[in-house]
Amino acid sequence: MEVTRSLPRIALIGTGGTMSSLGTSSLDLMDYPEYGTKISPDEVLQRVPEAAQVADIQTVPFRSVGSTALTPADWFGLRARIRELAREQPQLAGVVIVHGTATLEETAFFLDLTLDLDLTVVLVGAQRPISAVGTDATMNLIGALRVAADPASRGRGVLVVLNDEIHAARDVVKASTLRLQTFRSADFGILGVVDPDGVHFYRRVDRDRSPHGLFRQLPDDTVVPRVDILYSYAGADETFVEAAIAKGARGLISAGLAPGIPAKAEHAALLAALKQGVAVVQCSRSSSGRVAARRHLRENGIIPGSDFSPQKARILLALGLSAGLSHEELVANFTQC
Ligand code: GLU
């Protein structure tokens with residue numbers, strides 16, 4: 001007797017990005033953000049018919065933009081849509097989000113901290129538009145669907161799949177403008193790989209993904225407070241610190257000079273900001289290593305940014321401020337997450 005096995009059900013949420021982009025020609029690998037067009041998740045699937053062999057796919061259009069256009073309000077909207085899908089369809093095995101690579105790591109980390117679901121959530125993108133010769137969109141999509149469909153992917157937090165590699169949302173950083181292997185988890189490495197013979201995990205992230213469960217309770221209409229990033233360089237002064245505060249920043253992330261020290265004049269402005277009640281996190285502009293709890297940070301009430309990139313630290317701080325956490329609780333978040 002022939003046994004037919006049904007394929008796992010996956011929701012494919014479209015936000016746009018390079019994977020959903022058509023260039024002006026098959027050699028347009030560069031100008032498509034401004035001169036090309038975006039296609040829907042249904043049209044993406046028409047170009048990747050093999051996807052139907054991996055999963056039973058439901059397409060969910062959400063946005064159709066480059067990820068440079070996405071904002072924290074979109075993150076909350078996306079979280080709400082995922083929760084809705086999970087509620088409506090308990091049989092859903094996972095969600096794959098087609099996303100531009102530019103801010104993919106930020107959306108992934110936000111969802112990792114704020115989602116409370118049992119199903120697998122995978123973000124995927126591409127470095128070459130789906131219309132380009134040698135596009136990576138096709139196999140990246142297949143890889144993401146395979147990961148989302150695999151029961152071994154559950155309970156590992158939000159995942160990012162690109163170039164056959166599986167990354168943890170907290171660790172992954174876009175590290176190259178045009179190379180296909182752009183996503184790297186520099187200090188702690190990838191979680192696993194998706195190869196022709198299946199999905200293979202090699203490690204887990206051993207960090208708290210939802211401190212106190214508070215971020216998961218933030219309402220969908222949350223407007224996160226302004227948190228700005230200040231990139232240090234030799235001779236940087238108070239200009240941008242003061243501009244951020246004038247714009248109403250409640251938090252500042254110093255992307256300082258490694259090992260995590262702002263330029264001198266900038267430093268004085270940050271200390272003045274602290275006195276005005278602005279939360280300051282010290283990160284580093286280098287792409288590897290921790291900013292440790294040095295005496296100067298502890299004595300001045302500056303939050304050590306641990307190994308977080310400035311853009312991830314911004315999310316952790318903005319959510320912490322939204323949840324009304326105390327200084328000690330904010331410090332604990334950066335230590336434990
Ligand atoms: N990779 C870019 C993104 O993050 C492409 C920008 C665009 O398509 O507008 O979406």
# chains A, B, ... in the order shown; residues from 1 in each chain; ligands from 1
>>> residues_near_ligand(ligand="ligand 1", cutoff="7 Å", atoms="only C-alpha atoms and all ligand atoms", output="mmCIF file with N, CA, C and O atoms, in the first residue's frame")
data_model
loop_
_atom_site.group_PDB
_atom_site.id
_atom_site.type_symbol
_atom_site.label_atom_id
_atom_site.label_comp_id
_atom_site.auth_asym_id
_atom_site.auth_seq_id
_atom_site.Cartn_x
_atom_site.Cartn_y
_atom_site.Cartn_z
ATOM 1 N N GLY A 16 9.873 41.835 1.224
ATOM 2 C CA GLY A 16 10.600 42.478 0.123
ATOM 3 C C GLY A 16 12.057 42.080 0.127
ATOM 4 O O GLY A 16 12.383 40.917 0.354
ATOM 5 N N GLY A 17 12.948 43.043 -0.116
ATOM 6 C CA GLY A 17 14.386 42.757 -0.113
ATOM 7 C C GLY A 17 14.867 42.183 -1.437
ATOM 8 O O GLY A 17 14.098 42.025 -2.393
ATOM 9 N N THR A 18 16.126 41.850 -1.467
ATOM 10 C CA THR A 18 16.767 41.394 -2.702
ATOM 11 C C THR A 18 16.159 40.095 -3.224
ATOM 12 O O THR A 18 16.033 39.897 -4.429
ATOM 13 N N SER A 21 13.416 40.907 -5.455
ATOM 14 C CA SER A 21 13.706 42.001 -6.381
ATOM 15 C C SER A 21 13.963 41.517 -7.798
ATOM 16 O O SER A 21 14.649 40.506 -8.009
ATOM 17 N N TYR A 32 19.408 47.479 -8.617
ATOM 18 C CA TYR A 32 17.993 47.096 -8.466
ATOM 19 C C TYR A 32 17.286 47.757 -7.272
ATOM 20 O O TYR A 32 16.075 47.975 -7.349
ATOM 21 N N PRO A 33 17.999 48.116 -6.150
ATOM 22 C CA PRO A 33 17.215 48.723 -5.056
ATOM 23 C C PRO A 33 16.488 49.983 -5.516
ATOM 24 O O PRO A 33 15.351 50.211 -5.124
ATOM 25 N N GLU A 34 17.142 50.784 -6.342
ATOM 26 C CA GLU A 34 16.514 52.044 -6.786
ATOM 27 C C GLU A 34 15.804 51.908 -8.128
ATOM 28 O O GLU A 34 14.804 52.594 -8.366
ATOM 29 N N VAL A 65 9.200 46.028 0.386
ATOM 30 C CA VAL A 65 10.169 47.130 0.429
ATOM 31 C C VAL A 65 11.586 46.585 0.643
ATOM 32 O O VAL A 65 11.769 45.443 1.061
ATOM 33 N N GLY A 66 12.579 47.427 0.358
ATOM 34 C CA GLY A 66 13.934 47.115 0.776
ATOM 35 C C GLY A 66 13.971 47.206 2.297
ATOM 36 O O GLY A 66 13.215 47.989 2.893
ATOM 37 N N SER A 67 14.834 46.432 2.941
ATOM 38 C CA SER A 67 14.795 46.430 4.412
ATOM 39 C C SER A 67 15.349 47.722 4.996
ATOM 40 O O SER A 67 15.222 47.970 6.194
ATOM 41 N N THR A 68 15.925 48.569 4.162
ATOM 42 C CA THR A 68 16.347 49.888 4.626
ATOM 43 C C THR A 68 15.134 50.759 4.973
ATOM 44 O O THR A 68 15.281 51.790 5.629
ATOM 45 N N HIS A 99 13.261 38.612 3.650
ATOM 46 C CA HIS A 99 13.631 39.915 4.213
ATOM 47 C C HIS A 99 14.880 40.427 3.509
ATOM 48 O O HIS A 99 15.770 39.647 3.178
ATOM 49 N N GLY A 100 14.979 41.717 3.327
ATOM 50 C CA GLY A 100 16.225 42.298 2.830
ATOM 51 C C GLY A 100 17.345 42.041 3.818
ATOM 52 O O GLY A 100 17.125 41.989 5.036
ATOM 53 N N THR A 101 18.554 41.892 3.305
ATOM 54 C CA THR A 101 19.671 41.536 4.189
ATOM 55 C C THR A 101 20.188 42.724 5.007
ATOM 56 O O THR A 101 20.851 42.532 6.025
ATOM 57 N N ALA A 102 19.872 43.962 4.560
ATOM 58 C CA ALA A 102 20.472 45.135 5.213
ATOM 59 C C ALA A 102 20.132 45.215 6.696
ATOM 60 O O ALA A 102 21.001 45.490 7.523
ATOM 61 N N THR A 103 18.874 45.012 7.052
ATOM 62 C CA THR A 103 18.491 45.077 8.472
ATOM 63 C C THR A 103 17.914 43.745 8.965
ATOM 64 O O THR A 103 17.242 43.711 9.994
ATOM 65 N N GLN A 127 21.720 37.856 -1.624
ATOM 66 C CA GLN A 127 22.664 38.906 -1.983
ATOM 67 C C GLN A 127 22.526 39.313 -3.446
ATOM 68 O O GLN A 127 22.979 40.369 -3.838
#
>>> residues_around(residues="region 207-224 of chain A", least_positions_apart="2", cutoff="8 Å", atoms="only C-alpha atoms", output="PyMOL selection string")
chain A and resi 72-73+76-77+79-80+112-116+157+205+226+318-323+333+336-337
>>> write_last_selection(atoms="N, CA, C and O atoms", output="PDB file, in the first residue's frame")
ATOM      1  N   PRO A  72      10.987  50.075  13.623  1.00  0.00           N
ATOM      2  CA  PRO A  72      10.477  49.280  14.754  1.00  0.00           C
ATOM      3  C   PRO A  72       8.959  49.058  14.710  1.00  0.00           C
ATOM      4  O   PRO A  72       8.477  48.020  15.153  1.00  0.00           O
ATOM      5  N   ALA A  73       8.203  49.991  14.143  1.00  0.00           N
ATOM      6  CA  ALA A  73       6.747  49.771  14.054  1.00  0.00           C
ATOM      7  C   ALA A  73       6.460  48.551  13.163  1.00  0.00           C
ATOM      8  O   ALA A  73       5.548  47.767  13.439  1.00  0.00           O
ATOM      9  N   PHE A  76       6.974  45.307  15.208  1.00  0.00           N
ATOM     10  CA  PHE A  76       5.826  44.937  16.050  1.00  0.00           C
ATOM     11  C   PHE A  76       4.680  44.406  15.193  1.00  0.00           C
ATOM     12  O   PHE A  76       3.982  43.470  15.588  1.00  0.00           O
ATOM     13  N   GLY A  77       4.492  45.012  14.006  1.00  0.00           N
ATOM     14  CA  GLY A  77       3.437  44.540  13.101  1.00  0.00           C
ATOM     15  C   GLY A  77       3.699  43.120  12.627  1.00  0.00           C
ATOM     16  O   GLY A  77       2.787  42.301  12.529  1.00  0.00           O
ATOM     17  N   ARG A  79       5.524  40.851  14.235  1.00  0.00           N
ATOM     18  CA  ARG A  79       5.301  39.945  15.365  1.00  0.00           C
ATOM     19  C   ARG A  79       3.814  39.646  15.524  1.00  0.00           C
ATOM     20  O   ARG A  79       3.410  38.492  15.726  1.00  0.00           O
ATOM     21  N   ALA A  80       2.985  40.680  15.390  1.00  0.00           N
ATOM     22  CA  ALA A  80       1.540  40.480  15.534  1.00  0.00           C
ATOM     23  C   ALA A  80       1.017  39.530  14.459  1.00  0.00           C
ATOM     24  O   ALA A  80       0.189  38.643  14.733  1.00  0.00           O
ATOM     25  N   ASP A 112      13.355  37.484  18.153  1.00  0.00           N
ATOM     26  CA  ASP A 112      13.923  36.525  19.099  1.00  0.00           C
ATOM     27  C   ASP A 112      13.605  36.929  20.539  1.00  0.00           C
ATOM     28  O   ASP A 112      13.299  36.092  21.388  1.00  0.00           O
ATOM     29  N   LEU A 113      13.665  38.237  20.791  1.00  0.00           N
ATOM     30  CA  LEU A 113      13.433  38.725  22.164  1.00  0.00           C
ATOM     31  C   LEU A 113      11.950  38.856  22.502  1.00  0.00           C
ATOM     32  O   LEU A 113      11.594  38.906  23.682  1.00  0.00           O
ATOM     33  N   THR A 114      11.096  38.945  21.502  1.00  0.00           N
ATOM     34  CA  THR A 114       9.701  39.308  21.801  1.00  0.00           C
ATOM     35  C   THR A 114       8.681  38.230  21.430  1.00  0.00           C
ATOM     36  O   THR A 114       7.504  38.402  21.738  1.00  0.00           O
ATOM     37  N   LEU A 115       9.110  37.161  20.758  1.00  0.00           N
ATOM     38  CA  LEU A 115       8.151  36.113  20.380  1.00  0.00           C
ATOM     39  C   LEU A 115       8.167  34.988  21.410  1.00  0.00           C
ATOM     40  O   LEU A 115       9.210  34.650  21.958  1.00  0.00           O
ATOM     41  N   ASP A 116       7.011  34.399  21.610  1.00  0.00           N
ATOM     42  CA  ASP A 116       6.885  33.383  22.651  1.00  0.00           C
ATOM     43  C   ASP A 116       6.303  32.098  22.077  1.00  0.00           C
ATOM     44  O   ASP A 116       5.541  31.411  22.721  1.00  0.00           O
ATOM     45  N   GLY A 157      15.340  29.362  19.197  1.00  0.00           N
ATOM     46  CA  GLY A 157      15.230  30.798  18.971  1.00  0.00           C
ATOM     47  C   GLY A 157      15.034  31.089  17.495  1.00  0.00           C
ATOM     48  O   GLY A 157      14.979  30.180  16.655  1.00  0.00           O
ATOM     49  N   VAL A 205      22.442  28.192  21.564  1.00  0.00           N
ATOM     50  CA  VAL A 205      22.791  29.435  22.247  1.00  0.00           C
ATOM     51  C   VAL A 205      22.414  29.281  23.715  1.00  0.00           C
ATOM     52  O   VAL A 205      21.282  28.921  24.025  1.00  0.00           O
ATOM     53  N   ARG A 226      13.312  56.704  21.564  1.00  0.00           N
ATOM     54  CA  ARG A 226      14.434  56.956  20.658  1.00  0.00           C
ATOM     55  C   ARG A 226      15.757  56.528  21.312  1.00  0.00           C
ATOM     56  O   ARG A 226      16.079  56.948  22.420  1.00  0.00           O
ATOM     57  N   ALA A 318      16.292  49.650  23.813  1.00  0.00           N
ATOM     58  CA  ALA A 318      14.981  50.261  23.520  1.00  0.00           C
ATOM     59  C   ALA A 318      13.852  49.415  24.108  1.00  0.00           C
ATOM     60  O   ALA A 318      12.881  49.956  24.673  1.00  0.00           O
ATOM     61  N   LEU A 319      13.974  48.091  24.018  1.00  0.00           N
ATOM     62  CA  LEU A 319      12.936  47.227  24.601  1.00  0.00           C
ATOM     63  C   LEU A 319      12.963  47.332  26.126  1.00  0.00           C
ATOM     64  O   LEU A 319      11.909  47.363  26.773  1.00  0.00           O
ATOM     65  N   GLY A 320      14.162  47.390  26.689  1.00  0.00           N
ATOM     66  CA  GLY A 320      14.285  47.508  28.148  1.00  0.00           C
ATOM     67  C   GLY A 320      13.653  48.793  28.653  1.00  0.00           C
ATOM     68  O   GLY A 320      12.943  48.802  29.669  1.00  0.00           O
ATOM     69  N   LEU A 321      13.898  49.882  27.935  1.00  0.00           N
ATOM     70  CA  LEU A 321      13.296  51.160  28.341  1.00  0.00           C
ATOM     71  C   LEU A 321      11.781  51.109  28.163  1.00  0.00           C
ATOM     72  O   LEU A 321      11.023  51.619  29.001  1.00  0.00           O
ATOM     73  N   SER A 322      11.308  50.473  27.099  1.00  0.00           N
ATOM     74  CA  SER A 322       9.852  50.341  26.880  1.00  0.00           C
ATOM     75  C   SER A 322       9.205  49.552  28.014  1.00  0.00           C
ATOM     76  O   SER A 322       8.059  49.822  28.382  1.00  0.00           O
ATOM     77  N   ALA A 323       9.937  48.559  28.518  1.00  0.00           N
ATOM     78  CA  ALA A 323       9.379  47.715  29.585  1.00  0.00           C
ATOM     79  C   ALA A 323       9.551  48.371  30.960  1.00  0.00           C
ATOM     80  O   ALA A 323       9.176  47.793  31.981  1.00  0.00           O
ATOM     81  N   ASN A 333      20.236  42.590  31.834  1.00  0.00           N
ATOM     82  CA  ASN A 333      19.870  42.143  30.479  1.00  0.00           C
ATOM     83  C   ASN A 333      21.099  41.958  29.606  1.00  0.00           C
ATOM     84  O   ASN A 333      21.230  40.977  28.872  1.00  0.00           O
ATOM     85  N   GLN A 336      22.990  38.900  30.716  1.00  0.00           N
ATOM     86  CA  GLN A 336      22.389  37.562  30.587  1.00  0.00           C
ATOM     87  C   GLN A 336      21.914  37.204  29.187  1.00  0.00           C
ATOM     88  O   GLN A 336      21.804  36.032  28.846  1.00  0.00           O
ATOM     89  N   CYS A 337      21.564  38.228  28.390  1.00  0.00           N
ATOM     90  CA  CYS A 337      20.978  37.916  27.069  1.00  0.00           C
ATOM     91  C   CYS A 337      22.066  37.523  26.061  1.00  0.00           C
ATOM     92  O   CYS A 337      23.195  37.954  26.164  1.00  0.00           O
TER      93      CYS A 337
END
>>> closest_residue(among="A:Lys38, A:Arg179, A:Arg9, A:Arg294", to="Leu119 (chain A)", atoms="only C-alpha atoms")
A:Arg9
>>> atom_distance(atom1="CA of Leu22 (chain A)", atom2="CA of Val95 (chain A)")
23.6 Å
>>> closest_residue(among="A:Val54, A:Leu230, A:Ile39, A:Ala258", to="Arg5 (chain A)", atoms="only C-alpha atoms")
A:Val54
>>> atom_distance(atom1="CA of Leu104 (chain A)", atom2="CA of Ile142 (chain A)")
17.8 Å
>>> select_by_dssp(residues="region 106-311 of chain A", states="strand (DSSP E or B)", output="JSON list (two decimals) with N, CA and C atoms, in the first residue's frame")
[["chain", "number", "residue", "atom", "x", "y", "z"],
["A", 120, "THR", "N", 8.87, 27.26, 14.62],
["A", 120, "THR", "CA", 10.17, 27.75, 14.17],
["A", 120, "THR", "C", 10.00, 29.00, 13.31],
["A", 121, "VAL", "N", 10.81, 30.00, 13.58],
["A", 121, "VAL", "CA", 10.80, 31.23, 12.78],
["A", 121, "VAL", "C", 12.19, 31.40, 12.15],
["A", 122, "VAL", "N", 12.19, 31.49, 10.81],
["A", 122, "VAL", "CA", 13.45, 31.60, 10.06],
["A", 122, "VAL", "C", 13.40, 32.85, 9.20],
["A", 123, "LEU", "N", 14.45, 33.65, 9.22],
["A", 123, "LEU", "CA", 14.55, 34.78, 8.29],
["A", 123, "LEU", "C", 15.55, 34.42, 7.20],
["A", 124, "VAL", "N", 15.20, 34.82, 5.98],
["A", 124, "VAL", "CA", 16.06, 34.49, 4.85],
["A", 124, "VAL", "C", 16.14, 35.69, 3.90],
["A", 159, "LEU", "N", 15.90, 31.95, 13.83],
["A", 159, "LEU", "CA", 17.07, 31.52, 13.05],
["A", 159, "LEU", "C", 17.21, 32.34, 11.77],
["A", 160, "VAL", "N", 18.43, 32.45, 11.30],
["A", 160, "VAL", "CA", 18.72, 33.13, 10.04],
["A", 160, "VAL", "C", 19.44, 32.13, 9.14],
["A", 161, "VAL", "N", 18.91, 31.96, 7.91],
["A", 161, "VAL", "CA", 19.53, 30.99, 6.99],
["A", 161, "VAL", "C", 19.97, 31.70, 5.72],
["A", 162, "LEU", "N", 21.19, 31.53, 5.36],
["A", 162, "LEU", "CA", 21.73, 32.10, 4.12],
["A", 162, "LEU", "C", 23.00, 31.33, 3.77],
["A", 165, "GLU", "N", 24.08, 28.19, 5.67],
["A", 165, "GLU", "CA", 24.45, 28.26, 7.09],
["A", 165, "GLU", "C", 23.25, 28.69, 7.94],
["A", 166, "ILE", "N", 23.20, 28.17, 9.16],
["A", 166, "ILE", "CA", 22.12, 28.53, 10.09],
["A", 166, "ILE", "C", 22.74, 29.32, 11.24],
["A", 167, "HIS", "N", 22.24, 30.55, 11.41],
["A", 167, "HIS", "CA", 22.77, 31.44, 12.44],
["A", 167, "HIS", "C", 21.73, 31.72, 13.52],
["A", 168, "ALA", "N", 22.20, 32.03, 14.71],
["A", 168, "ALA", "CA", 21.32, 32.50, 15.78],
["A", 168, "ALA", "C", 21.08, 33.99, 15.61],
["A", 173, "VAL", "N", 25.57, 38.88, 12.09],
["A", 173, "VAL", "CA", 25.84, 40.25, 11.62],
["A", 173, "VAL", "C", 26.09, 40.19, 10.11],
["A", 174, "LYS", "N", 25.52, 41.14, 9.39],
["A", 174, "LYS", "CA", 25.85, 41.25, 7.96],
["A", 174, "LYS", "C", 27.25, 41.83, 7.87],
["A", 183, "PHE", "N", 26.60, 36.78, 5.94],
["A", 183, "PHE", "CA", 26.24, 36.66, 7.35],
["A", 183, "PHE", "C", 27.27, 35.86, 8.12],
["A", 184, "ARG", "N", 27.71, 36.46, 9.24],
["A", 184, "ARG", "CA", 28.71, 35.78, 10.08],
["A", 184, "ARG", "C", 28.30, 35.89, 11.53],
["A", 192, "GLY", "N", 24.56, 25.65, 12.75],
["A", 192, "GLY", "CA", 24.54, 24.43, 11.97],
["A", 192, "GLY", "C", 24.50, 24.74, 10.49],
["A", 193, "VAL", "N", 24.25, 23.71, 9.71],
["A", 193, "VAL", "CA", 24.25, 23.86, 8.25],
["A", 193, "VAL", "C", 23.04, 23.16, 7.65],
["A", 194, "VAL", "N", 22.66, 23.62, 6.46],
["A", 194, "VAL", "CA", 21.63, 22.89, 5.72],
["A", 194, "VAL", "C", 22.29, 22.43, 4.42],
["A", 195, "ASP", "N", 22.52, 21.13, 4.39],
["A", 195, "ASP", "CA", 23.24, 20.50, 3.27],
["A", 195, "ASP", "C", 22.27, 19.67, 2.44],
["A", 198, "GLY", "N", 20.30, 17.19, 4.36],
["A", 198, "GLY", "CA", 19.44, 17.58, 5.48],
["A", 198, "GLY", "C", 20.01, 18.69, 6.34],
["A", 199, "VAL", "N", 19.30, 18.91, 7.46],
["A", 199, "VAL", "CA", 19.63, 19.99, 8.39],
["A", 199, "VAL", "C", 20.47, 19.40, 9.52],
["A", 200, "HIS", "N", 21.59, 20.05, 9.83],
["A", 200, "HIS", "CA", 22.50, 19.51, 10.86],
["A", 200, "HIS", "C", 22.86, 20.62, 11.84],
["A", 201, "PHE", "N", 22.45, 20.45, 13.10],
["A", 201, "PHE", "CA", 22.79, 21.43, 14.13],
["A", 201, "PHE", "C", 24.01, 20.94, 14.91],
["A", 227, "VAL", "N", 16.49, 55.68, 20.61],
["A", 227, "VAL", "CA", 17.83, 55.28, 21.03],
["A", 227, "VAL", "C", 18.75, 55.46, 19.82],
["A", 228, "ASP", "N", 19.77, 56.27, 19.96],
["A", 228, "ASP", "CA", 20.67, 56.54, 18.83],
["A", 228, "ASP", "C", 22.02, 55.89, 19.03],
["A", 229, "ILE", "N", 22.68, 55.64, 17.91],
["A", 229, "ILE", "CA", 24.02, 55.02, 17.93],
["A", 229, "ILE", "C", 25.04, 56.08, 17.55],
["A", 230, "LEU", "N", 26.12, 56.16, 18.34],
["A", 230, "LEU", "CA", 27.17, 57.16, 18.08],
["A", 230, "LEU", "C", 28.46, 56.43, 17.72],
["A", 231, "TYR", "N", 28.85, 56.59, 16.48],
["A", 231, "TYR", "CA", 30.03, 55.89, 15.96],
["A", 231, "TYR", "C", 31.29, 56.71, 16.26],
["A", 251, "GLY", "N", 18.06, 56.95, 25.13],
["A", 251, "GLY", "CA", 19.18, 56.04, 25.27],
["A", 251, "GLY", "C", 20.21, 56.30, 24.19],
["A", 252, "LEU", "N", 21.47, 56.05, 24.52],
["A", 252, "LEU", "CA", 22.55, 56.24, 23.54],
["A", 252, "LEU", "C", 23.41, 54.98, 23.54],
["A", 253, "ILE", "N", 23.79, 54.55, 22.36],
["A", 253, "ILE", "CA", 24.72, 53.43, 22.23],
["A", 253, "ILE", "C", 26.02, 54.02, 21.70],
["A", 254, "SER", "N", 27.09, 53.91, 22.48],
["A", 254, "SER", "CA", 28.39, 54.35, 22.00],
["A", 254, "SER", "C", 29.07, 53.19, 21.28],
["A", 255, "ALA", "N", 29.23, 53.34, 19.97],
["A", 255, "ALA", "CA", 30.02, 52.36, 19.20],
["A", 255, "ALA", "C", 31.46, 52.84, 19.31],
["A", 256, "GLY", "N", 32.06, 52.55, 20.46],
["A", 256, "GLY", "CA", 33.33, 53.17, 20.82],
["A", 256, "GLY", "C", 34.53, 52.52, 20.16],
["A", 257, "LEU", "N", 35.67, 53.14, 20.44],
["A", 257, "LEU", "CA", 36.93, 52.60, 19.95],
["A", 257, "LEU", "C", 37.27, 51.37, 20.78],
["A", 261, "ILE", "N", 35.78, 52.43, 24.22],
["A", 261, "ILE", "CA", 36.06, 53.75, 24.82],
["A", 261, "ILE", "C", 35.73, 54.81, 23.78],
["A", 279, "ALA", "N", 20.09, 56.83, 29.31],
["A", 279, "ALA", "CA", 20.80, 55.56, 29.50],
["A", 279, "ALA", "C", 21.88, 55.43, 28.43],
["A", 280, "VAL", "N", 23.09, 55.04, 28.85],
["A", 280, "VAL", "CA", 24.20, 54.91, 27.90],
["A", 280, "VAL", "C", 24.74, 53.48, 27.95],
["A", 281, "VAL", "N", 24.87, 52.88, 26.78],
["A", 281, "VAL", "CA", 25.47, 51.54, 26.66],
["A", 281, "VAL", "C", 26.79, 51.67, 25.92],
["A", 282, "GLN", "N", 27.82, 51.07, 26.48],
["A", 282, "GLN", "CA", 29.12, 51.11, 25.82],
["A", 282, "GLN", "C", 29.33, 49.85, 24.98],
["A", 283, "CYS", "N", 29.33, 50.02, 23.67],
["A", 283, "CYS", "CA", 29.70, 48.93, 22.76],
["A", 283, "CYS", "C", 31.01, 49.29, 22.10],
["A", 284, "SER", "N", 31.39, 48.51, 21.12],
["A", 284, "SER", "CA", 32.63, 48.81, 20.42],
["A", 284, "SER", "C", 32.37, 48.79, 18.92],
["A", 291, "VAL", "N", 32.57, 44.00, 25.36],
["A", 291, "VAL", "CA", 32.89, 45.19, 26.17],
["A", 291, "VAL", "C", 32.58, 44.76, 27.60],
["A", 303, "ILE", "N", 26.24, 51.21, 30.93],
["A", 303, "ILE", "CA", 25.92, 49.78, 30.79],
["A", 303, "ILE", "C", 26.93, 49.12, 29.84],
["A", 304, "PRO", "N", 27.64, 48.08, 30.31],
["A", 304, "PRO", "CA", 28.57, 47.40, 29.40],
["A", 304, "PRO", "C", 27.79, 46.62, 28.33],
["A", 306, "SER", "N", 28.54, 44.15, 26.43],
["A", 306, "SER", "CA", 28.86, 42.74, 26.18],
["A", 306, "SER", "C", 29.33, 42.56, 24.74]]
>>> closest_residue(among="A:Ala126, A:Leu274, A:Ala293, A:Met19", to="Asp164 (chain A)", atoms="only C-alpha atoms")
A:Ala126
>>> atom_distance(atom1="CA of Ser326 (chain A)", atom2="CA of Ala249 (chain A)")
17.1 Å
